[in-house]
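Chemist: Just so it is clear, I am handing over entry07.json, which has JSON, C-alpha atoms.
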```
[["chain", "number", "residue", "atom", "x", "y", "z"],
["U", 1, "MET", "CA", 13.25, -8.73, -16.33],
["U", 2, "ALA", "CA", 12.76, -7.10, -12.94],
["U", 3, "GLN", "CA", 10.96, -9.12, -10.33],
["U", 4, "SER", "CA", 9.70, -8.36, -6.84],
["U", 5, "ILE", "CA", 10.61, -10.06, -3.60],
["U", 6, "GLN", "CA", 6.85, -9.99, -2.94],
["U", 7, "ASP", "CA", 6.02, -11.90, -6.16],
["U", 8, "PHE", "CA", 4.00, -15.09, -5.88],
["U", 9, "HIS", "CA", 2.19, -17.53, -8.14],
["U", 10, "ASP", "CA", -1.56, -16.86, -8.24],
["U", 11, "ASP", "CA", -3.61, -19.42, -6.34],
["U", 12, "PRO", "CA", -7.24, -19.93, -7.43],
["U", 13, "ARG", "CA", -8.22, -20.64, -3.82],
["U", 14, "ASN", "CA", -7.80, -16.92, -3.11],
["U", 15, "ASP", "CA", -10.90, -16.18, -5.19],
["U", 16, "ASP", "CA", -13.07, -17.59, -2.42],
["U", 17, "ILE", "CA", -11.31, -16.46, 0.73],
["U", 18, "ARG", "CA", -13.19, -15.03, 3.68],
["U", 19, "ILE", "CA", -11.93, -11.69, 4.98],
["U", 20, "TRP", "CA", -12.40, -10.44, 8.54],
["U", 21, "VAL", "CA", -13.88, -6.92, 8.49],
["U", 22, "ASN", "CA", -14.82, -5.42, 11.83],
["U", 23, "GLY", "CA", -15.92, -8.71, 13.33],
["U", 24, "ALA", "CA", -17.60, -10.24, 10.28],
["U", 25, "LEU", "CA", -16.09, -12.81, 7.93],
["U", 26, "LYS", "CA", -17.09, -11.73, 4.44],
["U", 27, "PRO", "CA", -16.54, -13.21, 0.97],
["U", 28, "ARG", "CA", -13.77, -11.48, -0.97],
["U", 29, "HIS", "CA", -16.14, -9.55, -3.27],
["U", 30, "GLU", "CA", -18.12, -8.24, -0.27],
["U", 31, "ALA", "CA", -15.16, -7.24, 1.88],
["U", 32, "VAL", "CA", -15.15, -3.44, 1.59],
["U", 33, "VAL", "CA", -14.57, -0.37, 3.73],
["U", 34, "SER", "CA", -16.04, 3.13, 3.46],
["U", 35, "VAL", "CA", -14.63, 5.74, 1.08],
["U", 36, "PHE", "CA", -14.58, 7.93, 4.21],
["U", 37, "ASP", "CA", -12.30, 5.52, 6.05],
["U", 38, "SER", "CA", -9.18, 7.13, 7.49],
["U", 39, "GLY", "CA", -6.95, 4.60, 5.81],
["U", 40, "PHE", "CA", -8.34, 5.35, 2.35],
["U", 41, "VAL", "CA", -8.57, 9.12, 2.83],
["U", 42, "LEU", "CA", -5.24, 9.69, 4.57],
["U", 43, "GLY", "CA", -3.25, 6.50, 5.03],
["U", 44, "ASP", "CA", -3.97, 6.88, 8.75],
["U", 45, "GLY", "CA", -3.37, 3.50, 10.33],
["U", 46, "VAL", "CA", -0.93, 0.73, 11.22],
["U", 47, "TRP", "CA", -0.54, -2.81, 9.92],
["U", 48, "GLU", "CA", 1.37, -6.08, 10.18],
["U", 49, "GLY", "CA", 2.17, -8.89, 7.76],
["U", 50, "LEU", "CA", 2.52, -12.43, 9.15],
["U", 51, "ARG", "CA", 3.58, -15.78, 7.70],
["U", 52, "VAL", "CA", 1.54, -18.84, 8.63],
["U", 53, "TYR", "CA", 3.17, -22.14, 9.57],
["U", 54, "ASP", "CA", 1.19, -25.21, 10.62],
["U", 55, "GLY", "CA", -1.95, -23.09, 10.63],
["U", 56, "ARG", "CA", -0.53, -20.52, 13.06],
["U", 57, "PRO", "CA", 1.05, -17.10, 12.55],
["U", 58, "ALA", "CA", 4.77, -17.04, 13.26],
["U", 59, "PHE", "CA", 6.06, -14.61, 15.88],
["U", 60, "LEU", "CA", 2.57, -13.32, 16.61],
["U", 61, "ALA", "CA", 3.56, -11.83, 19.96],
["U", 62, "ALA", "CA", 6.31, -9.72, 18.36],
["U", 63, "HIS", "CA", 4.00, -8.55, 15.59],
["U", 64, "LEU", "CA", 1.27, -7.57, 18.06],
["U", 65, "ASP", "CA", 3.86, -5.72, 20.14],
["U", 66, "ARG", "CA", 4.81, -3.65, 17.10],
["U", 67, "LEU", "CA", 1.18, -3.08, 16.12],
["U", 68, "PHE", "CA", 0.14, -1.82, 19.54],
["U", 69, "GLU", "CA", 3.28, 0.30, 19.91],
["U", 70, "GLY", "CA", 2.56, 1.94, 16.55],
["U", 71, "ALA", "CA", -1.08, 2.51, 17.43],
["U", 72, "LYS", "CA", -0.12, 4.12, 20.72],
["U", 73, "ALA", "CA", 2.40, 6.37, 18.97],
["U", 74, "ILE", "CA", -0.34, 7.83, 16.74],
["U", 75, "ALA", "CA", -2.99, 7.85, 19.50],
["U", 76, "LEU", "CA", -5.10, 5.22, 17.72],
["U", 77, "ASP", "CA", -7.44, 3.11, 19.86],
["U", 78, "ILE", "CA", -7.57, -0.31, 18.20],
["U", 79, "GLY", "CA", -10.66, -1.15, 20.22],
["U", 80, "LEU", "CA", -9.64, -4.81, 20.64],
["U", 81, "THR", "CA", -7.31, -6.53, 23.08],
["U", 82, "ARG", "CA", -4.35, -8.64, 22.00],
["U", 83, "ALA", "CA", -6.33, -11.78, 22.85],
["U", 84, "GLN", "CA", -9.28, -10.60, 20.77],
["U", 85, "LEU", "CA", -7.03, -9.89, 17.79],
["U", 86, "ALA", "CA", -5.37, -13.28, 18.17],
["U", 87, "GLN", "CA", -8.80, -14.92, 18.21],
["U", 88, "ALA", "CA", -9.86, -12.94, 15.12],
["U", 89, "ILE", "CA", -6.75, -14.18, 13.31],
["U", 90, "ALA", "CA", -7.49, -17.76, 14.38],
["U", 91, "ASP", "CA", -11.09, -17.44, 13.18],
["U", 92, "THR", "CA", -9.95, -16.06, 9.82],
["U", 93, "LEU", "CA", -7.48, -18.89, 9.28],
["U", 94, "ALA", "CA", -10.08, -21.49, 10.30],
["U", 95, "ALA", "CA", -12.73, -20.00, 7.99],
["U", 96, "ASN", "CA", -10.30, -20.39, 5.09],
["U", 97, "GLY", "CA", -9.15, -23.88, 5.99],
["U", 98, "MET", "CA", -5.57, -22.71, 6.44],
["U", 99, "THR", "CA", -4.31, -25.44, 8.71],
["U", 100, "GLY", "CA", -0.85, -25.90, 7.16],
["U", 101, "ASP", "CA", 1.87, -23.76, 5.57],
["U", 102, "GLY", "CA", 1.81, -21.54, 2.49],
["U", 103, "ALA", "CA", -0.42, -18.75, 3.77],
["U", 104, "HIS", "CA", 0.22, -15.10, 4.53],
["U", 105, "LEU", "CA", -1.78, -12.68, 6.68],
["U", 106, "ARG", "CA", -2.22, -8.94, 6.50],
["U", 107, "LEU", "CA", -3.63, -7.34, 9.67],
["U", 108, "MET", "CA", -4.67, -3.72, 9.13],
["U", 109, "VAL", "CA", -6.05, -1.14, 11.54],
["U", 110, "THR", "CA", -7.14, 2.37, 10.58],
["U", 111, "ARG", "CA", -8.52, 5.18, 12.69],
["U", 112, "GLY", "CA", -11.99, 4.50, 11.27],
["U", 113, "VAL", "CA", -14.64, 6.36, 9.32],
["U", 114, "LYS", "CA", -14.52, 10.15, 9.16],
["U", 115, "ARG", "CA", -17.53, 12.43, 8.90],
["U", 116, "THR", "CA", -15.65, 14.39, 6.23],
["U", 117, "PRO", "CA", -12.38, 13.73, 4.36],
["U", 118, "TYR", "CA", -10.13, 15.79, 6.63],
["U", 119, "GLN", "CA", -6.92, 14.94, 8.46],
["U", 120, "ASP", "CA", -7.89, 15.93, 12.01],
["U", 121, "PRO", "CA", -8.41, 12.73, 14.04],
["U", 122, "ARG", "CA", -11.32, 14.46, 15.80],
["U", 123, "ALA", "CA", -13.26, 14.23, 12.53],
["U", 124, "THR", "CA", -13.40, 10.46, 13.01],
["U", 125, "VAL", "CA", -16.76, 8.98, 13.95],
["U", 126, "GLY", "CA", -17.03, 5.52, 15.42],
["U", 127, "PRO", "CA", -14.42, 2.88, 16.21],
["U", 128, "ALA", "CA", -11.27, 1.84, 14.40],
["U", 129, "THR", "CA", -11.54, -0.24, 11.24],
["U", 130, "VAL", "CA", -9.88, -3.66, 11.58],
["U", 131, "VAL", "CA", -9.33, -5.92, 8.57],
["U", 132, "ILE", "CA", -7.59, -9.31, 8.38],
["U", 133, "ILE", "CA", -6.79, -10.74, 4.95],
["U", 134, "ALA", "CA", -5.44, -14.29, 4.84],
["U", 135, "GLU", "CA", -4.27, -15.54, 1.43],
["U", 136, "TRP", "CA", -2.69, -18.66, 0.03],
["U", 137, "LYS", "CA", 0.60, -17.11, -0.89],
["U", 138, "ALA", "CA", 4.24, -18.17, -0.90],
["U", 139, "PRO", "CA", 7.33, -16.52, -2.44],
["U", 140, "LYS", "CA", 8.36, -17.70, -5.89],
["U", 141, "PRO", "CA", 11.21, -20.23, -5.63],
["U", 142, "GLU", "CA", 12.77, -18.83, -8.80],
["U", 143, "THR", "CA", 13.09, -15.40, -7.18],
["U", 144, "LEU", "CA", 15.13, -16.88, -4.38],
["U", 145, "GLN", "CA", 17.24, -18.95, -6.78],
["U", 146, "GLN", "CA", 18.10, -16.11, -9.15],
["U", 147, "GLY", "CA", 18.84, -13.55, -6.48],
["U", 148, "LEU", "CA", 17.72, -9.95, -6.42],
["U", 149, "SER", "CA", 19.04, -6.90, -8.18],
["U", 150, "LEU", "CA", 19.08, -3.72, -6.08],
["U", 151, "PHE", "CA", 19.34, -0.10, -7.19],
["U", 152, "THR", "CA", 20.32, 2.73, -4.87],
["U", 153, "VAL", "CA", 17.65, 5.41, -5.15],
["U", 154, "HIS", "CA", 17.80, 9.11, -4.36],
["U", 155, "VAL", "CA", 14.82, 8.75, -2.00],
["U", 156, "ARG", "CA", 16.21, 8.66, 1.54],
["U", 157, "ARG", "CA", 14.95, 7.24, 4.78],
["U", 158, "GLY", "CA", 14.16, 10.36, 6.76],
["U", 159, "PHE", "CA", 14.70, 11.65, 10.26],
["U", 160, "PRO", "CA", 12.21, 10.44, 12.88],
["U", 161, "ASP", "CA", 10.98, 13.99, 13.50],
["U", 162, "VAL", "CA", 9.66, 14.04, 9.90],
["U", 163, "GLN", "CA", 8.10, 10.57, 9.71],
["U", 164, "ASP", "CA", 9.58, 7.99, 12.02],
["U", 165, "PRO", "CA", 10.77, 4.95, 10.00],
["U", 166, "LYS", "CA", 10.01, 2.83, 13.08],
["U", 167, "LEU", "CA", 6.29, 3.37, 12.51],
["U", 168, "ASN", "CA", 4.70, 0.67, 10.33],
["U", 169, "SER", "CA", 2.00, 2.99, 9.06],
["U", 170, "HIS", "CA", -0.37, 2.77, 6.11],
["U", 171, "SER", "CA", 1.33, 5.87, 4.75],
["U", 172, "LYS", "CA", 4.12, 4.28, 2.67],
["U", 173, "LEU", "CA", 4.64, 6.89, -0.05],
["U", 174, "ASN", "CA", 8.33, 7.22, 0.83],
["U", 175, "CYS", "CA", 8.86, 3.53, 0.11],
["U", 176, "ILE", "CA", 6.57, 3.58, -2.93],
["U", 177, "THR", "CA", 8.51, 6.39, -4.62],
["U", 178, "ALA", "CA", 11.72, 4.46, -3.92],
["U", 179, "CYS", "CA", 10.20, 1.34, -5.45],
["U", 180, "ILE", "CA", 9.10, 3.28, -8.54],
["U", 181, "GLN", "CA", 12.61, 4.59, -9.13],
["U", 182, "ALA", "CA", 14.17, 1.15, -8.69],
["U", 183, "THR", "CA", 11.65, -0.43, -11.06],
["U", 184, "ALA", "CA", 12.31, 2.26, -13.67],
["U", 185, "ALA", "CA", 16.02, 1.41, -13.38],
["U", 186, "GLY", "CA", 15.28, -2.26, -14.06],
["U", 187, "ALA", "CA", 15.98, -3.43, -10.52],
["U", 188, "ASP", "CA", 13.92, -5.63, -8.20],
["U", 189, "GLU", "CA", 14.13, -3.60, -5.03],
["U", 190, "ALA", "CA", 15.29, -0.15, -3.95],
["U", 191, "LEU", "CA", 18.29, 0.23, -1.67],
["U", 192, "MET", "CA", 17.76, 3.33, 0.46],
["U", 193, "LEU", "CA", 20.35, 5.41, 2.28],
["U", 194, "ASP", "CA", 19.89, 7.29, 5.53],
["U", 195, "PRO", "CA", 20.18, 11.11, 5.75],
["U", 196, "HIS", "CA", 23.94, 10.77, 6.33],
["U", 197, "GLY", "CA", 24.59, 8.64, 3.24],
["U", 198, "PHE", "CA", 24.99, 5.31, 4.99],
["U", 199, "VAL", "CA", 23.07, 2.23, 3.85],
["U", 200, "ALA", "CA", 19.74, 2.05, 5.70],
["U", 201, "THR", "CA", 17.32, -0.51, 4.27],
["U", 202, "CYS", "CA", 15.32, -1.48, 1.19],
["U", 203, "ASN", "CA", 11.87, -0.25, 0.24],
["U", 204, "SER", "CA", 10.10, -3.39, 1.52],
["U", 205, "THR", "CA", 12.83, -5.49, 3.14],
["U", 206, "HIS", "CA", 15.86, -5.18, 5.41],
["U", 207, "PHE", "CA", 19.38, -5.35, 3.99],
["U", 208, "PHE", "CA", 22.42, -7.34, 5.15],
["U", 209, "ILE", "CA", 25.93, -7.91, 3.83],
["U", 210, "VAL", "CA", 28.56, -10.53, 4.64],
["U", 211, "ARG", "CA", 32.21, -9.45, 4.89],
["U", 212, "ARG", "CA", 35.07, -11.67, 6.04],
["U", 213, "GLY", "CA", 32.76, -13.99, 7.94],
["U", 214, "GLU", "CA", 30.86, -11.15, 9.61],
["U", 215, "VAL", "CA", 27.23, -10.23, 9.09],
["U", 216, "TRP", "CA", 26.45, -6.51, 8.89],
["U", 217, "THR", "CA", 23.18, -4.65, 8.80],
["U", 218, "SER", "CA", 22.41, -0.98, 9.29],
["U", 219, "SER", "CA", 22.42, 0.74, 12.67],
["U", 220, "GLY", "CA", 18.64, 0.41, 12.68],
["U", 221, "ASP", "CA", 18.18, 4.12, 13.35],
["U", 222, "TYR", "CA", 16.40, 4.71, 10.04],
["U", 223, "CYS", "CA", 14.47, 1.52, 9.42],
["U", 224, "LEU", "CA", 11.50, -0.38, 10.74],
["U", 225, "GLY", "CA", 12.18, -2.70, 13.64],
["U", 226, "GLY", "CA", 11.98, -5.83, 11.48],
["U", 227, "ILE", "CA", 10.87, -9.10, 13.08],
["U", 228, "THR", "CA", 12.84, -11.28, 10.64],
["U", 229, "ARG", "CA", 15.80, -8.88, 10.88],
["U", 230, "ALA", "CA", 15.83, -9.30, 14.66],
["U", 231, "ASN", "CA", 15.60, -13.08, 14.32],
["U", 232, "VAL", "CA", 18.59, -13.19, 11.97],
["U", 233, "LEU", "CA", 20.64, -11.22, 14.50],
["U", 234, "LYS", "CA", 19.49, -13.58, 17.24],
["U", 235, "ILE", "CA", 20.46, -16.62, 15.14],
["U", 236, "CYS", "CA", 23.92, -15.12, 14.57],
["U", 237, "ARG", "CA", 24.45, -14.53, 18.28],
["U", 238, "GLU", "CA", 23.39, -18.07, 19.19],
["U", 239, "ALA", "CA", 25.53, -19.61, 16.42],
["U", 240, "GLY", "CA", 28.62, -17.58, 17.30],
["U", 241, "ILE", "CA", 28.54, -15.67, 14.00],
["U", 242, "PRO", "CA", 29.87, -12.11, 14.44],
["U", 243, "ALA", "CA", 26.96, -9.79, 13.61],
["U", 244, "PHE", "CA", 26.89, -6.01, 13.79],
["U", 245, "GLU", "CA", 24.33, -3.25, 13.54],
["U", 246, "LYS", "CA", 26.49, -0.42, 12.25],
["U", 247, "ASN", "CA", 26.92, 2.37, 9.75],
["U", 248, "PHE", "CA", 28.47, 1.26, 6.47],
["U", 249, "SER", "CA", 28.74, 2.74, 3.00],
["U", 250, "LEU", "CA", 27.86, 1.62, -0.50],
["U", 251, "THR", "CA", 31.56, 1.03, -1.14],
["U", 252, "GLU", "CA", 31.56, -1.61, 1.59],
["U", 253, "ALA", "CA", 28.34, -3.11, 0.24],
["U", 254, "TYR", "CA", 29.72, -3.35, -3.32],
["U", 255, "SER", "CA", 32.73, -5.33, -2.12],
["U", 256, "ALA", "CA", 30.81, -7.72, 0.13],
["U", 257, "GLU", "CA", 31.15, -11.48, -0.36],
["U", 258, "GLU", "CA", 27.40, -11.96, 0.03],
["U", 259, "ALA", "CA", 24.32, -9.81, 0.46],
["U", 260, "PHE", "CA", 20.74, -10.63, 1.32],
["U", 261, "VAL", "CA", 17.45, -9.12, 2.34],
["U", 262, "THR", "CA", 14.97, -10.22, 4.98],
["U", 263, "GLY", "CA", 11.23, -9.88, 5.32],
["U", 264, "THR", "CA", 8.21, -11.65, 6.73],
["U", 265, "PHE", "CA", 6.97, -12.86, 3.34],
["U", 266, "ALA", "CA", 10.11, -14.27, 1.70],
["U", 267, "GLY", "CA", 12.29, -14.83, 4.75],
["U", 268, "LEU", "CA", 15.91, -14.56, 3.55],
["U", 269, "ALA", "CA", 16.56, -13.81, -0.12],
["U", 270, "PRO", "CA", 20.03, -13.51, -1.67],
["U", 271, "VAL", "CA", 21.11, -10.40, -3.57],
["U", 272, "ARG", "CA", 23.00, -10.92, -6.82],
["U", 273, "ARG", "CA", 23.69, -7.31, -7.91],
["U", 274, "ILE", "CA", 23.73, -3.81, -6.46],
["U", 275, "ASP", "CA", 23.86, -0.89, -8.90],
["U", 276, "GLY", "CA", 25.20, -3.20, -11.61],
["U", 277, "ARG", "CA", 27.98, -4.64, -9.43],
["U", 278, "THR", "CA", 27.96, -8.39, -8.93],
["U", 279, "ILE", "CA", 28.09, -9.36, -5.27],
["U", 280, "GLY", "CA", 30.63, -12.10, -4.71],
["U", 281, "ASP", "CA", 32.10, -13.99, -7.63],
["U", 282, "GLU", "CA", 30.38, -13.82, -11.01],
["U", 283, "GLY", "CA", 28.50, -17.05, -11.64],
["U", 284, "SER", "CA", 28.77, -18.30, -8.08],
["U", 285, "ALA", "CA", 25.88, -20.37, -6.76],
["U", 286, "LEU", "CA", 23.07, -18.78, -4.81],
["U", 287, "PRO", "CA", 22.51, -18.67, -1.99],
["U", 288, "GLY", "CA", 26.06, -18.23, -0.74],
["U", 289, "PRO", "CA", 27.34, -20.28, 2.21],
["U", 290, "MET", "CA", 26.46, -17.76, 4.92],
["U", 291, "VAL", "CA", 22.97, -17.03, 3.55],
["U", 292, "ALA", "CA", 22.30, -20.77, 3.16],
["U", 293, "ARG", "CA", 23.40, -21.37, 6.75],
["U", 294, "LEU", "CA", 21.25, -18.58, 8.14],
["U", 295, "ASP", "CA", 18.28, -19.60, 6.02],
["U", 296, "ARG", "CA", 18.39, -23.17, 7.35],
["U", 297, "LYS", "CA", 18.46, -21.91, 10.92],
["U", 298, "SER", "CA", 15.71, -19.38, 10.18],
["U", 299, "THR", "CA", 13.46, -22.09, 8.76],
["U", 300, "ARG", "CA", 13.89, -24.19, 11.88],
["U", 301, "LEU", "CA", 13.16, -21.14, 14.01],
["U", 302, "ASN", "CA", 9.98, -20.36, 12.04],
["U", 303, "CYS", "CA", 8.78, -23.93, 12.43],
["U", 304, "SER", "CA", 9.62, -24.13, 16.13],
["U", 305, "HIS", "CA", 6.67, -24.25, 18.48],
["U", 306, "GLU", "CA", 8.75, -22.16, 20.85],
["U", 307, "TRP", "CA", 8.52, -19.24, 18.44],
["U", 308, "ILE", "CA", 5.09, -19.70, 16.86],
["U", 309, "SER", "CA", 2.53, -18.12, 19.13],
["U", 310, "ARG", "CA", -0.11, -20.60, 20.10],
["U", 311, "MET", "CA", -3.63, -19.58, 19.17],
["U", 312, "PRO", "CA", -6.42, -19.49, 21.76],
["U", 313, "SER", "CA", -7.70, -22.94, 22.71],
["U", 314, "SER", "CA", -11.11, -22.18, 21.20],
["U", 315, "ALA", "CA", -9.59, -21.54, 17.77]]
```
Here is the file; what I need is its structure written in the form of structure tokens.
Modeler:
Amino acid sequence: MAQSIQDFHDDPRNDDIRIWVNGALKPRHEAVVSVFDSGFVLGDGVWEGLRVYDGRPAFLAAHLDRLFEGAKAIALDIGLTRAQLAQAIADTLAANGMTGDGAHLRLMVTRGVKRTPYQDPRATVGPATVVIIAEWKAPKPETLQQGLSLFTVHVRRGFPDVQDPKLNSHSKLNCITACIQATAAGADEALMLDPHGFVATCNSTHFFIVRRGEVWTSSGDYCLGGITRANVLKICREAGIPAFEKNFSLTEAYSAEEAFVTGTFAGLAPVRRIDGRTIGDEGSALPGPMVARLDRKSTRLNCSHEWISRMPSSA
């Protein structure tokens, strides 16, 4: 049965979480936004997902960089400084007693409430809407053990002059339609090609293959600038593992020794099949040697105080 890389086991503690909505920490059932909000009406906004280790969000600085770059690209005034957002995240984690591991954050910013449901940003009244949801959530171990099945969909990653794939916007219909097609085909995740037919990325994760001791991922021209993706490439450079951002085809992916996907939520997850083809040897253990090596190094990197942004001292 198809699974999702985003799957998790329900945690009853999430019934009573406090959610940060425009400066107020509200119980889950009271955390709402207006039906006139730009995010609801139009998908007009930017967001970030962050894993929490030792009560702190990993790679916060990189995530805030991407958030503010995206907001600037769409002329959205977040209305809060980086320090204020960091403090809001710290307050949300503290309010939920999330002092250890096993939590995941979603930071969302929309253009705010509109006076009428219309696309023009000038129809917005008031400041941006900022929401922070922190949940007790960890990837299912069985998903990582079984490996993922990918299906190449007809939905492509488009040119940046249509909708720039670098923009982590609330408008994700391109990825959603890809996910729908992959699910209908019985797969776990959609593998998406770029406009030229080269492998680009997946609908919610980044894609890598291993060939002859080398690690390959797409050129990056048609995918989001992934934080975990960048960290894997950094790990490879520091460990002396040849790693390349390049164009490659499905033929090269089918014949890879290993394949894996990366994302903030699940980290590194092995891929077992692509379009019905088994990656590597049938029945071989997962993860493969390269993915296991990278995953160990990634875990140490996530847990390193050097890479986890320290929260404000008042947190």
Chemist: Just the number, please: distance in Å from atom CA of U:Leu25 to atom CA of U:Leu60, one decimal.
Modeler: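 A separation of 20.6 Å between them.
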Chemist: What does the distance between atom CA of U:Asp16 and atom CA of U:Ala134 come to in Å, to one decimal place?
Modeler: 11.0 Å
Chemist: Excluding U:Ile279 and any residue of its chain fewer than 2 positions from it, enumerate the residues within 8 Å of it, using all atoms listed in the file, and give them as a list in words.
Modeler: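 Counting only the stated atoms, we get Tyr254, Ser255, Ala256, Glu257, Glu258, Ala259, Val271, Arg272, Arg273, Ile274, Arg277, Asp281 and Glu282 of chain U.
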Chemist: Selection from above, C-alpha atoms, as a PDB file, keeping the file's coordinate frame, can you write it?
Modeler:
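Final output, part_32.pdb:
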```pdb
ATOM      1  CA  TYR U 254      29.720  -3.350  -3.320  1.00  0.00           C
ATOM      2  CA  SER U 255      32.730  -5.330  -2.120  1.00  0.00           C
ATOM      3  CA  ALA U 256      30.810  -7.720   0.130  1.00  0.00           C
ATOM      4  CA  GLU U 257      31.150 -11.480  -0.360  1.00  0.00           C
ATOM      5  CA  GLU U 258      27.400 -11.960   0.030  1.00  0.00           C
ATOM      6  CA  ALA U 259      24.320  -9.810   0.460  1.00  0.00           C
ATOM      7  CA  VAL U 271      21.110 -10.400  -3.570  1.00  0.00           C
ATOM      8  CA  ARG U 272      23.000 -10.920  -6.820  1.00  0.00           C
ATOM      9  CA  ARG U 273      23.690  -7.310  -7.910  1.00  0.00           C
ATOM     10  CA  ILE U 274      23.730  -3.810  -6.460  1.00  0.00           C
ATOM     11  CA  ARG U 277      27.980  -4.640  -9.430  1.00  0.00           C
ATOM     12  CA  ASP U 281      32.100 -13.990  -7.630  1.00  0.00           C
ATOM     13  CA  GLU U 282      30.380 -13.820 -11.010  1.00  0.00           C
TER      14      GLU U 282
END
```
Chemist: What does the distance from atom CA of U:Val32 to atom CA of U:Ile17 come to in Å, to one decimal?
Modeler: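 Distance between the two atoms: 13.6 Å.
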Chemist: Might you pull out every residue within 8 Å of U:Phe248, with all atoms listed in the file counted and same-chain residues fewer than 4 positions away left off, and present them as a list in words?
Modeler: Phe198, Val199, Ser218, Glu252 and Ala253 of chain U
Chemist: Using C-alpha atoms, can you export the residues from the last selection as an mmCIF file, keeping the file's coordinate frame?
Modeler:
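again-v2.cif was written with the following content:
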```cif
data_model
loop_
_atom_site.group_PDB
_atom_site.id
_atom_site.type_symbol
_atom_site.label_atom_id
_atom_site.label_comp_id
_atom_site.auth_asym_id
_atom_site.auth_seq_id
_atom_site.Cartn_x
_atom_site.Cartn_y
_atom_site.Cartn_z
ATOM 1 C CA PHE U 198 24.990 5.310 4.990
ATOM 2 C CA VAL U 199 23.070 2.230 3.850
ATOM 3 C CA SER U 218 22.410 -0.980 9.290
ATOM 4 C CA GLU U 252 31.560 -1.610 1.590
ATOM 5 C CA ALA U 253 28.340 -3.110 0.240
#
```
Chemist: Could you give me, as a list in words, the residues within 7 Å of stretch 173-178 of chain U, counting only C-alpha atoms and dropping anything in the same chain fewer than 5 positions from it?
Modeler: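 In the requested form, the answer reads Val153, Val155, Ala190 and Asn203 of chain U.
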Chemist: Counting all atoms listed in the file, which of U:Thr217, U:Thr278, U:Thr264, U:Ser298 gets nearest to U:Val232?
Modeler: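 Of the candidates, the smallest distance to U:Val232 is held by U:Ser298.
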Chemist: What's the 10 Å shell around U:Val291, counting all atoms listed in the file, without same-chain residues fewer than 4 positions away, as a tab-separated table (two decimals) with C-alpha atoms, in the coordinates of the input?
Modeler:
```
chain	number	residue	atom	x	y	z
U	208	PHE	CA	22.42	-7.34	5.15
U	209	ILE	CA	25.93	-7.91	3.83
U	210	VAL	CA	28.56	-10.53	4.64
U	215	VAL	CA	27.23	-10.23	9.09
U	258	GLU	CA	27.40	-11.96	0.03
U	259	ALA	CA	24.32	-9.81	0.46
U	260	PHE	CA	20.74	-10.63	1.32
U	261	VAL	CA	17.45	-9.12	2.34
U	268	LEU	CA	15.91	-14.56	3.55
U	269	ALA	CA	16.56	-13.81	-0.12
U	270	PRO	CA	20.03	-13.51	-1.67
U	271	VAL	CA	21.11	-10.40	-3.57
U	286	LEU	CA	23.07	-18.78	-4.81
U	287	PRO	CA	22.51	-18.67	-1.99
U	295	ASP	CA	18.28	-19.60	6.02
U	296	ARG	CA	18.39	-23.17	7.35
U	297	LYS	CA	18.46	-21.91	10.92
```
Chemist: Hey, which of U:Glu214, U:Asp188, U:Glu142, U:Glu135 ends up closest to U:Met98? Count all atoms listed in the file.
Modeler: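 So, comparing all the options, the nearest one is U:Glu135.
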Chemist: Excluding stretch 238-244 of chain U and its own-chain neighbours fewer than 2 positions away, which residues fall within 8 Å of it when counting only C-alpha atoms? Please give them as a ChimeraX atom specification.
Modeler: /U:213-217,233-236,246
Chemist: Using only C-alpha atoms, pick whichever of U:Glu69, U:Arg211, U:Asn96, U:Ala230 has the shortest atom-to-atom distance to U:Asp15.
Modeler: U:Asn96
Chemist: Nearest to U:Gly225 among U:Leu67, U:Ala266, U:Ile19, U:Ala187, with distances taken over only C-alpha atoms: which residue is it?
Modeler: U:Leu67
Chemist: Counting only C-alpha atoms, note down every residue that has an atom within 8 Å of the point (-3.1, -22.9, 7.3) (file coordinates), as a PyMOL selection string.
Modeler: chain U and resi 52-56+93-94+96-103
Chemist: May I have the residues from that selection written out with C-alpha atoms, as a CSV table (one decimal), keeping the file's coordinate frame?
Modeler:
```
chain,number,residue,atom,x,y,z
U,52,VAL,CA,1.5,-18.8,8.6
U,53,TYR,CA,3.2,-22.1,9.6
U,54,ASP,CA,1.2,-25.2,10.6
U,55,GLY,CA,-2.0,-23.1,10.6
U,56,ARG,CA,-0.5,-20.5,13.1
U,93,LEU,CA,-7.5,-18.9,9.3
U,94,ALA,CA,-10.1,-21.5,10.3
U,96,ASN,CA,-10.3,-20.4,5.1
U,97,GLY,CA,-9.2,-23.9,6.0
U,98,MET,CA,-5.6,-22.7,6.4
U,99,THR,CA,-4.3,-25.4,8.7
U,100,GLY,CA,-0.8,-25.9,7.2
U,101,ASP,CA,1.9,-23.8,5.6
U,102,GLY,CA,1.8,-21.5,2.5
U,103,ALA,CA,-0.4,-18.8,3.8
```
Chemist: For each of U:Phe207, U:Trp20, U:Phe8, U:Phe151, take the minimum atom-to-atom distance to U:Ile133, counting all atoms listed in the file, then give the residue where this is smallest.
Modeler: U:Trp20
Chemist: For a quick check of understanding, using all atoms listed in the file, which of U:Ser169, U:Ser34, U:Thr228, U:Thr262 has the smallest distance to U:Leu148?
Modeler: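 Smallest distance to U:Leu148 is found for U:Thr262.
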Chemist: Could you please give me, as a ChimeraX atom specification, the residues of protein, DNA or RNA lying at most 12 Å from (-16.1, 13.5, 7.3) in the coordinate frame of the file, considering all atoms listed in the file?
Modeler: /U:34-38,41-42,112-126
